[in-house]
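S.K.: input_30.txt is reproduced below (compact mmCIF, C-alpha atoms).
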# COMPACT_ATOMS: atom_id res chain seq x y z
CA MET A 1 -15.23 171.89 73.55
CA SER A 2 -13.19 169.28 71.68
CA THR A 3 -13.80 165.66 72.62
CA PHE A 4 -10.38 164.61 71.29
CA ASN A 5 -8.35 162.56 73.75
CA LEU A 6 -4.66 162.16 72.93
CA SER A 7 -4.19 159.16 75.18
CA THR A 8 -7.04 157.22 73.58
CA TYR A 9 -5.88 158.22 70.11
CA LEU A 10 -2.30 157.01 70.72
CA LYS A 11 -3.47 153.67 72.13
CA SER A 12 -5.65 153.04 69.06
CA ARG A 13 -2.89 154.03 66.63
CA LYS A 14 -0.43 151.68 68.31
CA ALA A 15 -2.92 148.80 68.10
CA GLU A 16 -3.63 149.51 64.41
CA PHE A 17 0.07 149.74 63.59
CA LEU A 18 0.86 146.40 65.18
CA ALA A 19 -2.21 144.78 63.61
CA ASP A 20 -1.02 145.95 60.17
CA ASN A 21 2.48 144.62 60.90
CA GLY A 22 3.67 148.12 60.01
CA GLU A 23 2.80 147.76 56.33
CA GLY A 24 2.14 151.14 54.73
CA TRP A 25 3.04 153.06 57.88
CA THR A 26 5.68 155.73 58.40
CA VAL A 27 7.63 155.44 61.65
CA VAL A 28 8.53 158.88 63.00
CA MET A 29 11.52 158.78 65.34
CA GLY A 30 13.59 161.25 67.31
CA ASN A 31 17.23 160.84 68.26
CA GLU A 32 18.51 158.20 70.67
CA ALA A 33 19.01 160.61 73.57
CA GLY A 34 15.24 160.69 73.94
CA ASP A 35 14.95 164.19 75.34
CA LEU A 36 11.64 166.05 75.47
CA ASP A 37 12.31 167.76 72.14
CA SER A 38 12.74 164.42 70.35
CA LEU A 39 9.69 162.95 72.04
CA ALA A 40 7.41 165.93 71.33
CA SER A 41 8.68 166.37 67.76
CA ALA A 42 8.02 162.70 66.98
CA LEU A 43 4.50 162.77 68.41
CA GLY A 44 3.72 166.13 66.83
CA TYR A 45 4.89 165.25 63.35
CA ALA A 46 3.36 161.75 63.45
CA TRP A 47 -0.04 163.26 64.27
CA MET A 48 0.29 165.79 61.44
CA ARG A 49 1.46 163.20 58.91
CA SER A 50 -1.38 160.86 59.87
CA ASN A 51 -3.83 163.63 59.07
CA THR A 52 -2.19 164.78 55.82
CA SER A 53 -0.03 162.05 54.25
CA GLY A 54 -1.21 158.65 55.41
CA LYS A 55 -0.63 156.36 58.36
CA ALA A 56 2.18 157.33 60.75
CA ILE A 57 3.22 156.50 64.29
CA ALA A 58 5.77 158.04 66.64
CA TYR A 59 8.53 155.71 67.81
CA ILE A 60 9.85 156.83 71.20
CA THR A 61 13.53 155.89 71.34
CA THR A 62 13.71 155.82 75.15
CA PRO A 63 13.85 152.24 76.50
CA ARG A 64 11.11 151.47 78.99
CA GLU A 65 13.55 151.08 81.87
CA ASP A 66 14.96 154.57 81.18
CA PHE A 67 11.69 156.53 81.24
CA GLY A 68 12.09 157.34 84.93
CA LEU A 69 15.45 159.02 84.28
CA ARG A 70 13.79 162.04 82.66
CA ALA A 71 11.30 163.53 85.07
CA GLU A 72 10.68 166.45 82.70
CA ASN A 73 9.43 164.08 80.00
CA LEU A 74 7.02 162.37 82.38
CA HIS A 75 5.76 165.76 83.58
CA ALA A 76 5.09 167.02 80.06
CA LEU A 77 3.42 163.75 79.06
CA GLY A 78 1.24 163.98 82.15
CA LEU A 79 0.15 167.49 81.19
CA ALA A 80 -0.90 166.07 77.82
CA GLY A 81 -2.94 163.34 79.51
CA ILE A 82 -0.45 160.55 78.81
CA ASP A 83 -0.23 158.93 82.23
CA HIS A 84 0.71 155.39 81.19
CA PRO A 85 3.31 155.90 78.47
CA PHE A 86 4.13 152.21 78.02
CA GLU A 87 0.50 151.55 77.08
CA GLU A 88 -0.01 154.65 74.99
CA LEU A 89 3.33 155.07 73.23
CA TYR A 90 5.22 152.87 70.80
CA CYS A 91 8.58 152.65 72.57
CA SER A 92 12.08 151.29 72.17
CA GLY A 93 11.88 147.65 73.18
CA ASP A 94 8.50 147.16 71.51
CA PRO A 95 8.76 144.91 68.44
CA ILE A 96 9.46 146.56 65.08
CA PRO A 97 7.10 144.87 62.61
CA SER A 98 8.73 143.23 59.61
CA GLN A 99 6.89 145.36 57.08
CA VAL A 100 8.19 148.70 58.33
CA SER A 101 10.17 150.39 55.56
CA GLN A 102 9.41 154.13 55.80
CA PHE A 103 11.00 156.40 58.37
CA ALA A 104 10.66 160.09 59.16
CA LEU A 105 13.51 161.58 61.20
CA VAL A 106 12.99 164.40 63.67
CA ASP A 107 15.68 166.00 65.85
CA HIS A 108 18.40 164.17 63.87
CA ASN A 109 19.05 163.74 60.18
CA VAL A 110 20.69 160.33 59.62
CA LEU A 111 18.91 157.02 60.14
CA ASP A 112 20.62 154.90 62.79
CA ILE A 113 22.35 151.88 61.29
CA LYS A 114 20.28 149.53 63.47
CA TYR A 115 17.16 150.48 61.46
CA ALA A 116 18.83 150.42 58.06
CA SER A 117 17.89 147.72 55.55
CA PRO A 118 17.79 147.34 51.75
CA THR A 119 14.13 148.42 51.79
CA ALA A 120 14.37 151.23 54.36
CA ARG A 121 13.52 154.70 53.04
CA VAL A 122 13.72 158.05 54.79
CA VAL A 123 10.67 159.99 53.61
CA ALA A 124 10.99 163.10 55.81
CA VAL A 125 13.62 164.95 57.84
CA ILE A 126 12.99 167.78 60.32
CA ASP A 127 16.03 168.76 62.35
CA HIS A 128 18.03 171.62 63.87
CA HIS A 129 21.45 169.94 64.17
CA GLU A 130 24.38 170.13 61.75
CA ASP A 131 23.31 168.84 58.34
CA GLU A 132 25.08 165.58 57.50
CA GLY A 133 24.00 165.89 53.88
CA GLN A 134 21.90 162.77 53.36
CA TYR A 135 18.44 162.24 51.76
CA LYS A 136 18.61 165.40 49.66
CA ASP A 137 16.31 164.12 46.91
CA THR A 138 13.09 165.95 47.75
CA SER A 139 11.14 163.72 45.38
CA THR A 140 11.56 160.95 47.95
CA THR A 141 12.23 162.93 51.16
CA ASP A 142 9.60 165.62 51.70
CA PRO A 143 9.75 167.67 53.77
CA ARG A 144 13.50 167.93 54.29
CA ILE A 145 14.02 170.70 56.81
CA VAL A 146 17.44 171.07 58.44
CA GLU A 147 17.97 174.57 59.78
CA PRO A 148 18.87 176.44 62.97
CA ALA A 149 16.31 176.59 65.77
CA GLY A 150 16.43 176.45 69.52
CA SER A 151 14.09 173.47 69.41
CA CYS A 152 13.16 171.00 66.70
CA SER A 153 9.60 171.21 68.01
CA SER A 154 9.50 174.76 66.68
CA LEU A 155 10.17 173.49 63.15
CA VAL A 156 7.40 170.90 63.54
CA THR A 157 5.07 173.61 64.83
CA ARG A 158 5.80 175.78 61.79
CA LEU A 159 4.32 173.02 59.63
CA TYR A 160 1.10 173.34 61.61
CA GLN A 161 1.23 177.12 61.19
CA SER A 162 1.41 176.75 57.42
CA SER A 163 -1.44 174.22 57.28
CA SER A 164 -4.61 176.29 57.44
CA ASN A 165 -6.94 173.29 57.24
CA LEU A 166 -5.41 171.38 60.15
CA SER A 167 -6.10 172.25 63.77
CA ILE A 168 -3.81 171.09 66.53
CA PRO A 169 -5.17 169.38 69.67
CA PRO A 170 -4.56 171.29 72.94
CA GLU A 171 -2.67 168.31 74.39
CA MET A 172 -0.27 168.28 71.41
CA SER A 173 0.16 172.05 71.62
CA THR A 174 1.07 171.72 75.29
CA LEU A 175 3.59 168.97 74.58
CA LEU A 176 5.31 170.88 71.76
CA LEU A 177 5.30 174.08 73.83
CA SER A 178 6.91 172.25 76.77
CA ALA A 179 9.74 171.06 74.52
CA ILE A 180 10.33 174.56 73.16
CA LEU A 181 10.39 176.10 76.63
CA ILE A 182 12.84 173.60 78.08
CA ASP A 183 15.18 173.76 75.06
CA THR A 184 15.26 177.58 74.99
CA HIS A 185 15.29 178.16 78.77
CA GLY A 186 11.88 179.77 78.68
CA LEU A 187 12.58 181.68 75.44
CA LYS A 188 15.14 183.70 77.34
CA GLU A 189 16.36 186.79 75.54
CA GLY A 190 19.94 186.43 74.34
CA GLY A 191 19.78 182.66 74.70
CA LYS A 192 19.16 179.83 72.25
CA ALA A 193 15.71 180.99 71.17
CA LEU A 194 15.40 182.24 67.60
CA ASP A 195 12.47 183.93 65.90
CA VAL A 196 11.13 180.56 64.75
CA ASP A 197 10.95 179.46 68.41
CA ARG A 198 9.19 182.60 69.60
CA GLU A 199 6.71 182.47 66.72
CA ALA A 200 6.02 178.79 67.34
CA ALA A 201 5.41 179.40 71.05
CA ALA A 202 3.09 182.31 70.30
CA PHE A 203 1.11 180.03 67.99
CA LEU A 204 0.94 177.12 70.43
CA ILE A 205 0.09 178.94 73.68
CA PRO A 206 -3.43 180.08 72.69
CA ASN A 207 -4.10 176.55 71.41
CA SER A 208 -2.65 174.82 74.49
CA LEU A 209 -4.15 173.73 77.78
CA LEU A 210 -2.62 176.89 79.30
CA ALA A 211 -5.24 178.91 77.43
CA HIS A 212 -7.84 177.56 79.86
CA LYS A 213 -5.96 179.09 82.79
CA GLU A 214 -5.65 182.63 81.46
CA GLU A 215 -7.37 184.85 78.93
CA ILE A 216 -5.04 184.23 76.02
CA SER A 217 -5.83 185.52 72.57
CA ALA A 218 -4.08 184.44 69.39
CA SER A 219 -4.16 188.09 68.33
CA SER A 220 -1.98 189.19 71.25
CA ASP A 221 1.59 190.17 70.41
CA ILE A 222 4.36 187.62 70.78
CA GLN A 223 6.07 189.25 73.76
CA THR A 224 2.81 189.45 75.72
CA ILE A 225 2.03 185.79 75.10
CA ILE A 226 5.41 184.29 75.94
CA HIS A 227 5.75 186.29 79.16
CA LEU A 228 2.41 185.19 80.61
CA PRO A 229 2.74 183.89 84.21
CA SER A 230 1.41 180.44 83.27
CA VAL A 231 4.02 180.11 80.53
CA GLN A 232 6.90 181.16 82.77
CA SER A 233 5.61 178.89 85.55
CA LEU A 234 5.58 175.90 83.18
CA SER A 235 9.10 176.72 82.04
CA THR A 236 10.35 176.89 85.64
CA THR A 237 8.68 173.61 86.59
CA LEU A 238 10.11 171.77 83.59
CA ARG A 239 13.60 173.04 84.34
CA GLU A 240 13.35 172.00 87.98
CA GLU A 241 12.22 168.53 86.92
CA LYS A 242 15.12 168.28 84.46
CA LEU A 243 17.69 169.20 87.10
CA SER A 244 16.29 166.81 89.70
CA VAL A 245 19.00 164.14 89.29
CA SER A 246 20.74 163.96 92.66
CA HIS A 247 19.21 160.52 93.31
CA LEU A 248 20.62 159.01 90.11
CA SER A 249 23.65 156.71 90.07
CA THR A 250 26.70 157.18 87.86
CA ARG A 251 25.33 154.68 85.35
CA ASP A 252 21.92 156.40 85.37
CA LEU A 253 23.53 159.77 84.70
CA LEU A 254 25.55 158.32 81.81
CA ARG A 255 22.55 156.78 80.06
CA ARG A 256 20.00 159.47 80.88
CA ASP A 257 21.00 161.81 78.03
CA TYR A 258 23.27 159.74 75.83
CA LYS A 259 24.16 159.58 72.15
CA GLU A 260 26.47 157.17 70.39
CA TYR A 261 28.37 157.42 67.12
CA ALA A 262 30.23 154.82 65.02
CA PHE A 263 33.36 155.56 63.00
CA SER A 264 35.32 153.28 60.69
CA ARG A 265 39.12 153.24 60.63
CA PRO A 266 41.51 151.15 58.54
CA ALA A 267 42.59 148.06 60.47
CA SER A 268 46.22 149.00 59.77
CA GLU A 269 48.09 151.84 58.11
CA ASP A 270 48.34 149.98 54.80
CA ALA A 271 44.83 148.49 54.95
CA THR A 272 42.62 149.31 51.98
CA GLN A 273 39.62 147.03 52.54
CA SER A 274 39.77 146.02 56.19
CA PHE A 275 38.21 148.42 58.68
CA ASN A 276 37.60 148.51 62.41
CA THR A 277 34.57 150.23 63.90
CA MET A 278 35.09 152.54 66.86
CA ARG A 279 32.11 153.53 68.97
CA VAL A 280 32.08 156.92 70.68
CA GLY A 281 29.58 157.93 73.36
CA LEU A 282 28.60 161.43 74.48
CA ALA A 283 26.73 161.74 77.77
CA THR A 284 25.31 165.08 78.88
CA VAL A 285 25.08 165.35 82.67
CA PRO A 286 23.37 168.24 84.52
CA ARG A 287 25.88 168.20 87.40
CA ARG A 288 29.44 169.46 87.62
CA LEU A 289 32.17 166.83 87.53
CA SER A 290 32.95 167.09 91.24
CA ALA A 291 29.33 166.13 92.02
CA PHE A 292 29.18 163.52 89.26
CA PHE A 293 32.02 161.64 90.92
CA THR A 294 30.01 161.41 94.16
CA SER A 295 26.94 159.89 92.47
CA SER A 296 28.03 156.35 93.40
CA SER A 297 30.42 154.60 95.74
CA TYR A 298 32.52 153.41 92.80
CA PRO A 299 31.98 155.91 89.97
CA ILE A 300 35.08 154.97 87.98
CA LYS A 301 34.10 151.30 87.99
CA GLU A 302 30.63 152.24 86.73
CA ILE A 303 32.22 154.31 83.95
CA GLN A 304 34.48 151.41 83.00
CA ASP A 305 31.47 149.05 83.09
CA TRP A 306 29.63 151.43 80.75
CA PHE A 307 32.60 151.27 78.38
CA ASP A 308 32.32 147.50 78.32
CA GLU A 309 28.54 147.44 78.07
CA ARG A 310 28.53 149.80 75.07
CA ASP A 311 31.83 148.52 73.58
CA LEU A 312 33.21 152.05 73.46
CA SER A 313 36.55 153.38 72.32
CA VAL A 314 35.87 156.93 73.53
CA LEU A 315 33.49 158.44 76.08
CA GLY A 316 32.88 162.16 76.51
CA ILE A 317 31.03 163.33 79.61
CA LEU A 318 29.70 166.85 79.05
CA THR A 319 28.50 168.52 82.24
CA THR A 320 26.35 171.59 82.65
CA PHE A 321 25.64 173.46 85.88
CA ARG A 322 24.89 176.90 87.25
CA SER A 323 26.86 178.77 89.92
CA THR A 324 27.02 182.32 91.22
CA LYS A 325 29.28 183.00 88.25
CA GLY A 326 26.56 181.93 85.85
CA LYS A 327 26.33 178.99 83.47
CA GLY A 328 29.22 176.56 83.60
CA ARG A 329 30.30 173.53 81.59
CA GLU A 330 33.03 170.94 81.98
CA GLN A 331 34.16 167.99 79.90
CA LEU A 332 35.74 164.67 80.83
CA TRP A 333 37.18 162.60 77.98
CA ILE A 334 38.17 158.99 78.47
CA VAL A 335 39.89 157.12 75.63
CA LYS A 336 41.00 153.51 75.44
CA ALA A 337 44.78 153.62 75.39
CA ASP A 338 45.20 150.70 72.99
CA GLU A 339 43.30 152.49 70.21
CA GLY A 340 46.32 154.73 69.59
CA ILE A 341 44.18 157.83 69.05
CA ALA A 342 44.15 159.48 72.46
CA GLU A 343 46.78 162.18 72.01
CA LYS A 344 45.65 163.25 68.56
CA LEU A 345 41.98 163.33 69.56
CA LEU A 346 42.58 165.20 72.81
CA GLN A 347 44.91 167.70 71.15
CA GLY A 348 42.24 168.34 68.55
CA LEU A 349 39.64 169.02 71.22
CA GLU A 350 42.05 171.25 73.14
CA SER A 351 42.74 173.32 70.03
CA SER A 352 39.05 173.94 69.30
CA GLU A 353 38.39 177.67 69.25
CA GLU A 354 34.68 177.00 69.67
CA LEU A 355 34.98 174.94 72.86
CA LYS A 356 37.88 176.85 74.47
CA LEU A 357 38.86 173.98 76.75
CA ILE A 358 41.05 174.66 79.79
CA ARG A 359 42.84 171.68 81.30
CA LEU A 360 41.86 170.81 84.89
CA ASP A 361 44.25 169.21 87.38
CA PHE A 362 42.76 166.16 89.03
CA PRO A 363 42.98 166.00 92.85
CA LYS A 364 44.42 162.84 94.29
CA PHE A 365 41.21 161.38 95.67
CA VAL A 366 37.82 160.11 94.52
CA GLY A 367 34.50 160.25 96.30
CA ASN A 368 35.72 162.14 99.36
CA ALA A 369 32.72 162.62 101.64
CA ASP A 370 33.45 166.33 101.86
CA MET A 371 32.75 166.61 98.14
CA ALA A 372 29.35 164.91 98.38
CA ASP A 373 27.82 168.23 99.33
CA GLU A 374 27.33 169.63 95.85
CA SER A 375 28.10 173.29 96.16
CA GLU A 376 27.96 174.61 92.63
CA ASP A 377 29.46 177.88 93.85
CA ASP A 378 32.77 176.28 94.83
CA ASP A 379 35.64 176.14 92.41
CA ALA A 380 35.92 172.44 93.19
CA GLU A 381 38.13 170.54 90.82
CA VAL A 382 37.38 167.14 89.38
CA THR A 383 37.42 164.47 92.07
CA ALA A 384 39.35 161.88 90.12
CA ASP A 385 42.96 161.17 89.43
CA GLU A 386 43.80 160.25 85.83
CA ALA A 387 45.70 157.24 87.14
CA ARG A 388 42.54 155.92 88.76
CA PHE A 389 41.29 154.85 85.33
CA GLY A 390 44.32 152.55 85.00
CA ASP A 391 46.79 152.00 82.20
CA SER A 392 44.00 150.90 79.84
CA PHE A 393 42.60 154.44 79.56
CA VAL A 394 43.74 158.00 78.96
CA ALA A 395 41.52 160.49 80.82
CA ARG A 396 41.50 164.28 80.82
CA ALA A 397 39.15 166.82 82.33
CA TYR A 398 38.52 170.36 81.19
CA GLU A 399 36.67 173.49 82.05
CA GLN A 400 34.79 174.62 78.96
CA GLY A 401 35.57 178.27 78.30
CA ASN A 402 32.62 178.69 75.94
CA ALA A 403 29.67 177.82 78.17
CA LYS A 404 27.23 178.30 75.27
CA ALA A 405 28.57 175.31 73.35
CA THR A 406 26.43 172.23 73.99
CA ARG A 407 26.61 168.69 72.64
CA LYS A 408 25.05 170.08 69.46
CA GLN A 409 28.34 171.94 68.88
CA THR A 410 30.68 169.34 70.41
CA ALA A 411 29.42 166.39 68.34
CA PRO A 412 30.34 167.86 64.91
CA ILE A 413 33.80 168.80 66.23
CA LEU A 414 34.24 165.25 67.48
CA ARG A 415 33.02 163.82 64.19
CA ARG A 416 35.52 165.83 62.15
CA LEU A 417 38.36 164.83 64.46
CA MET A 418 37.45 161.13 64.38
CA GLU A 419 37.10 161.14 60.59
CA GLY A 420 40.52 162.77 60.31
CA LEU A 421 42.38 160.24 62.47
Could you write out this structure as C-alpha cells?
M.R.:
Amino acid sequence: MSTFNLSTYLKSRKAEFLADNGEGWTVVMGNEAGDLDSLASALGYAWMRSNTSGKAIAYITTPREDFGLRAENLHALGLAGIDHPFEELYCSGDPIPSQVSQFALVDHNVLDIKYASPTARVVAVIDHHEDEGQYKDTSTTDPRIVEPAGSCSSLVTRLYQSSSNLSIPPEMSTLLLSAILIDTHGLKEGGKALDVDREAAAFLIPNSLLAHKEEISASSDIQTIIHLPSVQSLSTTLREEKLSVSHLSTRDLLRRDYKEYAFSRPASEDATQSFNTMRVGLATVPRRLSAFFTSSSYPIKEIQDWFDERDLSVLGILTTFRSTKGKGREQLWIVKADEGIAEKLLQGLESSEELKLIRLDFPKFVGNADMADESEDDDAEVTADEARFGDSFVARAYEQGNAKATRKQTAPILRRLMEGL
C-alpha cells in the first residue's frame, strides 16, 4: 500500500515555496469563483507539473473567510485527507512572494490583472470555457488546452492518462473525481458530461479511495464503473452539500460563487485616449429569486452594499433551482443608472436566443414572511419591486427559458454586449 500522504505533501510544498520566495516555481491557479473544479484542477495539475516539469504549487483563489461558504469543497478535501486547508493549502490572502513570475491557468484562460506584471508569464492553460485567444505561442505556453468538457478536471485527468510513467495518488484521484461528478451531475446521460468526462471518471475511479470500498477493476467497461453505488452515493452527497445554503445571508450567497470582469469604455463619446473602467459581477446562487430575497432582513441593502464594496457598474444574479417541473433558472440584473448603459445592455440580454429570457413582474413587497418558506414548486415571482432599488439603479428580473445555459454561456454573451457598448 502506498505511504503517500497528500496532506503532508502539500504542507511541505507550501513551506518550500515560501522559503524559496517563489523563485523558479510555477503557481497554478483556478478561477476566482473557487468552485470544486477550480480547486481540484489546480491541485491536480500542480502535482503533475511538480513531477514532470519542475517546481509548482496550487494557489487556491478562495479567501480564507469564504471557505465555509462551499460545503462541497470542504467535503471533497476531507475525503482526500485535507482536514486543515489553511495549513495545507496556499490560499488567497497568503503572501505572494516577490519572485513569482510563472503562472499556469486552470478553469480559466486569461490571467487576472491583479497578478499581471512586466515579468509575469503564463506557461500553461487548461480550460473548458470560451477561448479568449491569449497565450497561443506554444513555445512559451505548453500545454495550451482550451476545449469543451463538462469539467476542467477531466482535461487535467487526461494528462495523467497520457503519462504512462506517472501514477496518481488515490487522494488526488478522489478529489478530481469529486469535481467531475459535481460538475456533470453524476455523469448524467443527456447532461453536461462529454466523452472526455466519462473516460476521465473511468480512469480515476479504480485509482481512487472508492476502489477500497468495492471491487473495482480498471478493465471494467466505462458504464459499469461510473454507475457503481459508491460513485453515485458520492455524487449525491456532493450535490446535497452544494445545495445546503439556506443558512447563508444575502452577502454570503453573492460572494459564494462569484466572478468579476473589467471593461474599458471611452470617458466620453469623442474620447480617444481617456477610458473609464466598469466592473461587472456575476453571482451564481443555488436558490430561486423568491427565496434569495428572504435570505436576510434587508436583502436589497446588502446587494447595494455589495455594489459599493466591489465598485460595480453591473451585477447579474444567476439563480438555479429544481422544482416539480424540472431544472429552473432565473436572472436578476441590476445596473447603475448613471452609467447610461442599462437599456442597451438589458435589451441585448433580452434578445439573446441562447438565454431566452422572459421578463418577470415584480410583486410590490420584499421579504414577506409568507415567502420565507422556500417552496421550489410554487410559481412564486420575484419578491422585489424595481423601485425598491431606488433611482440610482435599473433592475430587471427574468425567467431563463433555456435552463441549460449556465454562467459559462452567460458570461461570453455579457462580454460581447459590454464590448459593443
S.K.: Counting all atoms listed in the file, which residue out of A:Leu36, A:Ala104, A:Val156, A:Leu254 sits closest to Tyr59 (chain A)?
M.R.: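 For Tyr59 (chain A), the nearest of the candidates is A:Ala104.
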S.K.: Which of these, A:Asp131, A:Leu79, A:Ser41, A:Asp66, has the shortest distance to Leu155 (chain A) once you count all atoms listed in the file?
M.R.: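 Result for the nearest residue to Leu155 (chain A): A:Ser41.
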S.K.: Near Glu171 (chain A), within 8 Å and counting only C-alpha atoms, which residues show up once chain neighbours fewer than 4 positions away are dropped, as a list in words?
M.R.: Leu6, Leu79, Ala80, Gly81, Leu175, Ser208 and Leu209 of chain A
S.K.: For Ala200 (chain A), which residue among A:Ala337, A:Leu74, A:Leu414, A:Ala179 is the nearest when counting only C-alpha atoms?
M.R.: A:Ala179
S.K.: Counting all atoms listed in the file, which of A:Arg415, A:Lys327, A:Arg396, A:His108 gets nearest to Arg288 (chain A)?
M.R.: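 Of A:Arg415, A:Lys327, A:Arg396, A:His108, the one nearest Arg288 (chain A) is A:Lys327, counting all atoms listed in the file.
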S.K.: Report, in Å to a single decimal, how far apart CA of His247 (chain A) and CA of Lys336 (chain A) are.
M.R.: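 Taking CA of Lys336 (chain A) as the start and CA of His247 (chain A) as the end point, the length is 29.0 Å.
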S.K.: Within 6 Å of Val106 (chain A), counting all atoms listed in the file, which residues show up once you throw out same-chain ones fewer than 2 positions away? Write them as a list in words, please.
M.R.: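 So, after excluding close chain neighbours, the residues are Gly30, His108, Val125, Ile126 and Asp127 of chain A.
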S.K.: If you measure from CA of Cys91 (chain A) to CA of Ala71 (chain A), what distance in Å do you get, rounded to one decimal?
M.R.: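 Between CA of Cys91 (chain A) and CA of Ala71 (chain A) the gap works out to 16.8 Å.
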S.K.: Tell me which of A:Thr294, A:Ser323, A:Asn207, A:Asn51 sits closest to Ser246 (chain A), counting all atoms listed in the file.
M.R.: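 Distance minimum relative to Ser246 (chain A) lands on A:Thr294.
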S.K.: How far is it from CA of Ser296 (chain A) to CA of Ser249 (chain A), in Å with one decimal?
M.R.: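 Distance reported for this atom pair: 5.5 Å.
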S.K.: What's the 8 Å shell around region 235-244 of chain A, counting all atoms listed in the file, without same-chain residues fewer than 2 positions away, as a list in words?
M.R.: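 Surrounding residues, per the criterion: Arg70, Ala71, Glu72, His75, Ala76, Ser178, Leu181, Ile182, His185, Gly186, Val231, Gln232, Ser233, Ser246, His247 and Pro286 of chain A.
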S.K.: Starting from the point (6.5, 173.7, 61.1), work out which residues of protein, DNA or RNA have an atom no more than 10 Å away when counting only C-alpha atoms; state them as a list in words.
M.R.: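 Checked against the point, the hits come out as Gly44, Tyr45, Ile126, Ile145, Cys152, Ser153, Ser154, Leu155, Val156, Thr157, Arg158, Leu159, Tyr160, Gln161, Ser162, Ser163, Val196 and Ala200 of chain A.
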